[in-house]
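Structure file my_file01.cif (mmCIF, C-alpha atoms) follows.
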data_upload
loop_
_atom_site.group_PDB
_atom_site.id
_atom_site.type_symbol
_atom_site.label_atom_id
_atom_site.label_comp_id
_atom_site.auth_asym_id
_atom_site.auth_seq_id
_atom_site.Cartn_x
_atom_site.Cartn_y
_atom_site.Cartn_z
ATOM 1 C CA MET E 1 -180.442 -23.832 -59.144
ATOM 2 C CA THR E 2 -178.591 -24.953 -62.250
ATOM 3 C CA GLU E 3 -175.029 -26.304 -62.344
ATOM 4 C CA SER E 4 -173.964 -22.944 -63.767
ATOM 5 C CA ASP E 5 -175.643 -21.092 -60.880
ATOM 6 C CA ASP E 6 -173.932 -23.334 -58.321
ATOM 7 C CA PHE E 7 -170.571 -22.801 -60.023
ATOM 8 C CA LEU E 8 -170.996 -19.022 -60.102
ATOM 9 C CA THR E 9 -171.934 -18.996 -56.427
ATOM 10 C CA TRP E 10 -168.640 -20.783 -55.697
ATOM 11 C CA VAL E 11 -166.717 -18.322 -57.913
ATOM 12 C CA ARG E 12 -168.299 -15.318 -56.177
ATOM 13 C CA THR E 13 -167.726 -16.631 -52.647
ATOM 14 C CA GLU E 14 -164.961 -19.175 -52.017
ATOM 15 C CA LEU E 15 -162.828 -18.327 -55.045
ATOM 16 C CA TYR E 16 -163.269 -14.586 -54.524
ATOM 17 C CA GLU E 17 -162.308 -14.880 -50.835
ATOM 18 C CA ALA E 18 -159.225 -16.975 -51.684
ATOM 19 C CA GLU E 19 -157.988 -14.421 -54.225
ATOM 20 C CA ALA E 20 -158.551 -11.509 -51.847
ATOM 21 C CA ALA E 21 -156.673 -13.393 -49.101
ATOM 22 C CA LEU E 22 -153.692 -14.071 -51.386
ATOM 23 C CA HIS E 23 -153.446 -10.360 -52.176
ATOM 24 C CA ASP E 24 -153.412 -9.729 -48.430
ATOM 25 C CA GLY E 25 -150.489 -12.130 -47.939
ATOM 26 C CA ASP E 26 -152.326 -15.384 -47.087
ATOM 27 C CA PRO E 27 -151.850 -18.185 -49.669
ATOM 28 C CA ALA E 28 -153.693 -20.907 -47.692
ATOM 29 C CA PRO E 29 -157.223 -20.311 -49.077
ATOM 30 C CA ARG E 30 -155.944 -20.311 -52.677
ATOM 31 C CA ARG E 31 -153.920 -23.472 -52.080
ATOM 32 C CA ARG E 32 -157.059 -25.234 -50.756
ATOM 33 C CA LEU E 33 -159.018 -24.406 -53.913
ATOM 34 C CA TRP E 34 -156.420 -25.680 -56.348
ATOM 35 C CA SER E 35 -156.510 -29.184 -57.704
ATOM 36 C CA GLY E 36 -154.431 -31.842 -56.020
ATOM 37 C CA GLN E 37 -154.386 -33.784 -59.290
ATOM 38 C CA GLU E 38 -151.983 -33.233 -62.141
ATOM 39 C CA PRO E 39 -151.865 -31.485 -64.462
ATOM 40 C CA VAL E 40 -152.033 -28.020 -62.889
ATOM 41 C CA SER E 41 -150.431 -24.924 -64.364
ATOM 42 C CA VAL E 42 -150.129 -21.164 -64.117
ATOM 43 C CA PHE E 43 -149.166 -18.811 -66.917
ATOM 44 C CA GLY E 44 -148.957 -15.805 -64.659
ATOM 45 C CA ALA E 45 -148.533 -12.103 -65.097
ATOM 46 C CA TRP E 46 -145.226 -12.358 -63.176
ATOM 47 C CA ARG E 47 -144.216 -16.002 -63.247
ATOM 48 C CA ASP E 48 -145.232 -19.373 -64.711
ATOM 49 C CA ALA E 49 -145.509 -22.701 -62.904
ATOM 50 C CA THR E 50 -146.245 -26.261 -63.985
ATOM 51 C CA GLY E 51 -147.007 -29.101 -61.589
ATOM 52 C CA ARG E 52 -148.474 -28.987 -58.109
ATOM 53 C CA GLN E 53 -145.150 -28.410 -56.270
ATOM 54 C CA ASP E 54 -144.106 -25.558 -58.554
ATOM 55 C CA VAL E 55 -147.585 -24.001 -58.368
ATOM 56 C CA ASP E 56 -147.541 -24.242 -54.567
ATOM 57 C CA ARG E 57 -144.129 -22.510 -54.442
ATOM 58 C CA LEU E 58 -145.480 -19.791 -56.726
ATOM 59 C CA PHE E 59 -148.397 -19.109 -54.372
ATOM 60 C CA GLY E 60 -146.061 -18.877 -51.373
ATOM 61 C CA GLY E 61 -143.769 -16.494 -53.229
ATOM 62 C CA LEU E 62 -146.655 -14.261 -54.285
ATOM 63 C CA ALA E 63 -148.049 -14.158 -50.754
ATOM 64 C CA GLU E 64 -144.654 -13.012 -49.444
ATOM 65 C CA ARG E 65 -144.778 -10.038 -51.830
ATOM 66 C CA PHE E 66 -148.422 -9.019 -51.177
ATOM 67 C CA ALA E 67 -149.840 -7.238 -48.111
ATOM 68 C CA ASP E 68 -152.500 -4.742 -47.100
ATOM 69 C CA CYS E 69 -155.008 -5.469 -49.860
ATOM 70 C CA THR E 70 -157.455 -2.561 -49.866
ATOM 71 C CA SER E 71 -159.556 -3.686 -52.819
ATOM 72 C CA TYR E 72 -160.104 -6.796 -54.908
ATOM 73 C CA ALA E 73 -162.881 -7.182 -57.488
ATOM 74 C CA PHE E 74 -163.462 -9.851 -60.108
ATOM 75 C CA GLU E 75 -165.369 -8.703 -63.186
ATOM 76 C CA LEU E 76 -166.728 -11.845 -64.842
ATOM 77 C CA LEU E 77 -166.906 -11.514 -68.628
ATOM 78 C CA ALA E 78 -167.687 -15.098 -69.684
ATOM 79 C CA HIS E 79 -168.012 -18.570 -68.242
ATOM 80 C CA ASP E 80 -169.336 -22.022 -69.003
ATOM 81 C CA VAL E 81 -169.853 -25.301 -67.194
ATOM 82 C CA ILE E 82 -169.809 -28.574 -69.108
ATOM 83 C CA GLY E 83 -170.080 -31.605 -66.864
ATOM 84 C CA ASP E 84 -167.099 -31.669 -64.504
ATOM 85 C CA MET E 85 -165.195 -28.913 -66.348
ATOM 86 C CA ALA E 86 -165.695 -25.156 -66.323
ATOM 87 C CA TYR E 87 -163.919 -21.947 -67.212
ATOM 88 C CA THR E 88 -164.071 -18.250 -66.396
ATOM 89 C CA VAL E 89 -162.777 -15.214 -68.249
ATOM 90 C CA GLY E 90 -162.649 -11.891 -66.474
ATOM 91 C CA LEU E 91 -160.786 -8.911 -65.149
ATOM 92 C CA GLU E 92 -159.244 -8.772 -61.688
ATOM 93 C CA HIS E 93 -159.021 -5.242 -60.298
ATOM 94 C CA THR E 94 -156.631 -5.156 -57.333
ATOM 95 C CA ALA E 95 -155.221 -2.549 -54.957
ATOM 96 C CA THR E 96 -152.573 -3.992 -52.650
ATOM 97 C CA SER E 97 -149.006 -3.458 -51.536
ATOM 98 C CA VAL E 98 -146.365 -5.280 -53.566
ATOM 99 C CA ASP E 99 -142.969 -5.468 -51.891
ATOM 100 C CA GLY E 100 -144.125 -2.744 -49.489
ATOM 101 C CA GLU E 101 -145.257 -0.304 -52.185
ATOM 102 C CA PRO E 102 -148.967 0.477 -52.765
ATOM 103 C CA ARG E 103 -150.007 -0.617 -56.227
ATOM 104 C CA SER E 104 -153.204 -0.888 -58.265
ATOM 105 C CA TYR E 105 -153.528 -3.001 -61.393
ATOM 106 C CA THR E 106 -155.921 -4.952 -63.571
ATOM 107 C CA LEU E 107 -155.241 -8.450 -64.861
ATOM 108 C CA ARG E 108 -157.012 -10.318 -67.658
ATOM 109 C CA VAL E 109 -157.588 -13.786 -66.251
ATOM 110 C CA THR E 110 -158.729 -17.067 -67.763
ATOM 111 C CA GLN E 111 -159.098 -20.029 -65.412
ATOM 112 C CA VAL E 112 -160.004 -23.670 -66.019
ATOM 113 C CA TYR E 113 -161.712 -25.722 -63.300
ATOM 114 C CA ARG E 114 -162.539 -29.363 -62.747
ATOM 115 C CA ARG E 115 -164.882 -30.932 -60.261
ATOM 116 C CA GLU E 116 -163.109 -33.287 -57.855
ATOM 117 C CA GLY E 117 -165.079 -35.193 -55.254
ATOM 118 C CA GLY E 118 -168.060 -32.918 -55.872
ATOM 119 C CA ALA E 119 -166.077 -29.685 -55.302
ATOM 120 C CA TRP E 120 -164.718 -27.229 -57.856
ATOM 121 C CA ARG E 121 -160.940 -26.946 -58.042
ATOM 122 C CA VAL E 122 -158.720 -24.710 -60.184
ATOM 123 C CA ALA E 123 -156.538 -26.604 -62.666
ATOM 124 C CA HIS E 124 -155.106 -23.755 -64.784
ATOM 125 C CA ARG E 125 -154.732 -19.986 -64.597
ATOM 126 C CA HIS E 126 -153.556 -17.602 -67.284
ATOM 127 C CA ALA E 127 -153.197 -13.930 -66.381
ATOM 128 C CA ASP E 128 -151.624 -10.896 -67.962
ATOM 129 C CA THR E 129 -151.757 -7.157 -67.426
ATOM 130 C CA VAL E 130 -154.209 -4.927 -69.204
ATOM 131 C CA ASP E 131 -152.399 -2.235 -71.174
ATOM 132 C CA GLY E 132 -153.504 1.344 -70.882
#

Transcribe the structure of this file into structure tokens.
Amino acid sequence: MTESDDFLTWVRTELYEAEAALHDGDPAPRRRLWSGQEPVSVFGAWRDATGRQDVDRLFGGLAERFADCTSYAFELLAHDVIGDMAYTVGLEHTATSVDGEPRSYTLRVTQVYRREGGAWRVAHRHADTVDG
């Protein structure tokens, strides 16, 4: 397996499971996969955060709003791995309840990763809604 193959396996398993869990109201798996080193940042579809404490609060706040995820799919459009850095670009298709109301939406998502202690960790996320 190549480094790219190993990275994509992680994206399609651990990262996928963490995102699905967040949309079901559990922020713990996502928190575990985020970098403990600064800088970390989120330019989110609903809110931005900079710094580990602010990012952690963001995840907790999102988890409080999400429940009953019935579908989560990540459509990978592009990626690359260069040494201890990587990125993904894709579409997240989600059906969940937000503040108790069923909702379906698609986000365009770009994420930046760095390898820490041999494991991939998310360092930055940018997401926005897809129009139309």

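CA of Ala20 (chain E) sits 16.7 Å away from CA of Leu8 (chain E).
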
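These residues, each with an atom at most 12 Å from (-144.4, -2.9, -51.0) using all atoms listed in the file, are His23, Asp24, Gly25, Ala63, Glu64, Arg65, Phe66, Ala67, Asp68, Cys69, Ala95, Thr96, Ser97, Val98, Asp99, Gly100, Glu101, Pro102, Arg103 and Ser104 of chain E.
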
Inset, instruction - Taking the file above as input, evaluate the PyMOL selection byres ((chain E and resi 46-53) around 9) and report the hits as a PyMOL selection string. - result: chain E and resi 34-45+54-58+126-128

Inset, instruction - Between E:Phe74, E:Phe59, E:Tyr87, E:Tyr105, single out the one closest to Arg121 (chain E), counting all atoms listed in the file. - result: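 That would be E:Tyr87, the residue with the smallest distance to Arg121 (chain E).
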
Legend entry - For Ala123 (chain E), the nearest of the candidates E:Ala28, E:Leu33, E:Ala21, E:Ile82, counting only C-alpha atoms: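 Result for the nearest residue to Ala123 (chain E): E:Leu33.
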
All file atoms of region 24-36 of chain E boxed axis-aligned, 4 Å per side, centre plus edges, as JSON:
{"center_x": -154.8, "center_y": -20.8, "center_z": -52.4, "size_x": 16.5, "size_y": 30.1, "size_z": 18.6}

Inset, instruction - Apply the PyMOL selection byres ((chain E and resi 113) around 7) to the structure shown and report the selected residues as an MDAnalysis selection string. - result: chainID E and resid 85:87 111:112 114:115 120:123

Inset, instruction - Please measure the separation of CA of Thr106 (chain E) and CA of Arg31 (chain E), giving the value in Å to one decimal. - result: 21.9 Å

Inset, instruction - Enter the distance from CA of Phe7 (chain E) to CA of Thr129 (chain E), in Å, rounded to one decimal. - result: 25.6 Å

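Shortest separation to Thr2 (chain E) among E:Gly60, E:Gly83, E:Pro27, E:Gly117 occurs at residue E:Gly83, atoms counted being only C-alpha atoms.
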
Inset, instruction - Give the answer as one residue: which of E:Ala78, E:Glu14, E:Tyr72, E:Gly61 has the shortest atom-to-atom distance to Asp26 (chain E), using all atoms listed in the file? - result: E:Gly61

Legend entry - Output of the PyMOL selection byres ((chain E and resi 75) around 6), listed as a list in words: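 With the shown file as input, the PyMOL selection byres ((chain E and resi 75) around 6) matches Phe74, Leu76, Gly90 and Leu91 of chain E.
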
Dump as a PDB file, in the coordinates of the input, selection limited to C-alpha atoms:
ATOM      1  CA  PHE E  74    -163.462  -9.851 -60.108  1.00  0.00           C
ATOM      2  CA  LEU E  76    -166.728 -11.845 -64.842  1.00  0.00           C
ATOM      3  CA  GLY E  90    -162.649 -11.891 -66.474  1.00  0.00           C
ATOM      4  CA  LEU E  91    -160.786  -8.911 -65.149  1.00  0.00           C
TER       5      LEU E  91
END

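Proximity of E:Arg125, E:Arg32, E:Arg12, E:His93 to Ala73 (chain E), computed with only C-alpha atoms, is greatest for E:His93.
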
Inset, instruction - Considering all atoms listed in the file, state which residue in the set E:Val109, E:Leu15, E:Val89, E:Leu22 is at the smallest distance from Leu62 (chain E). - result: E:Leu22
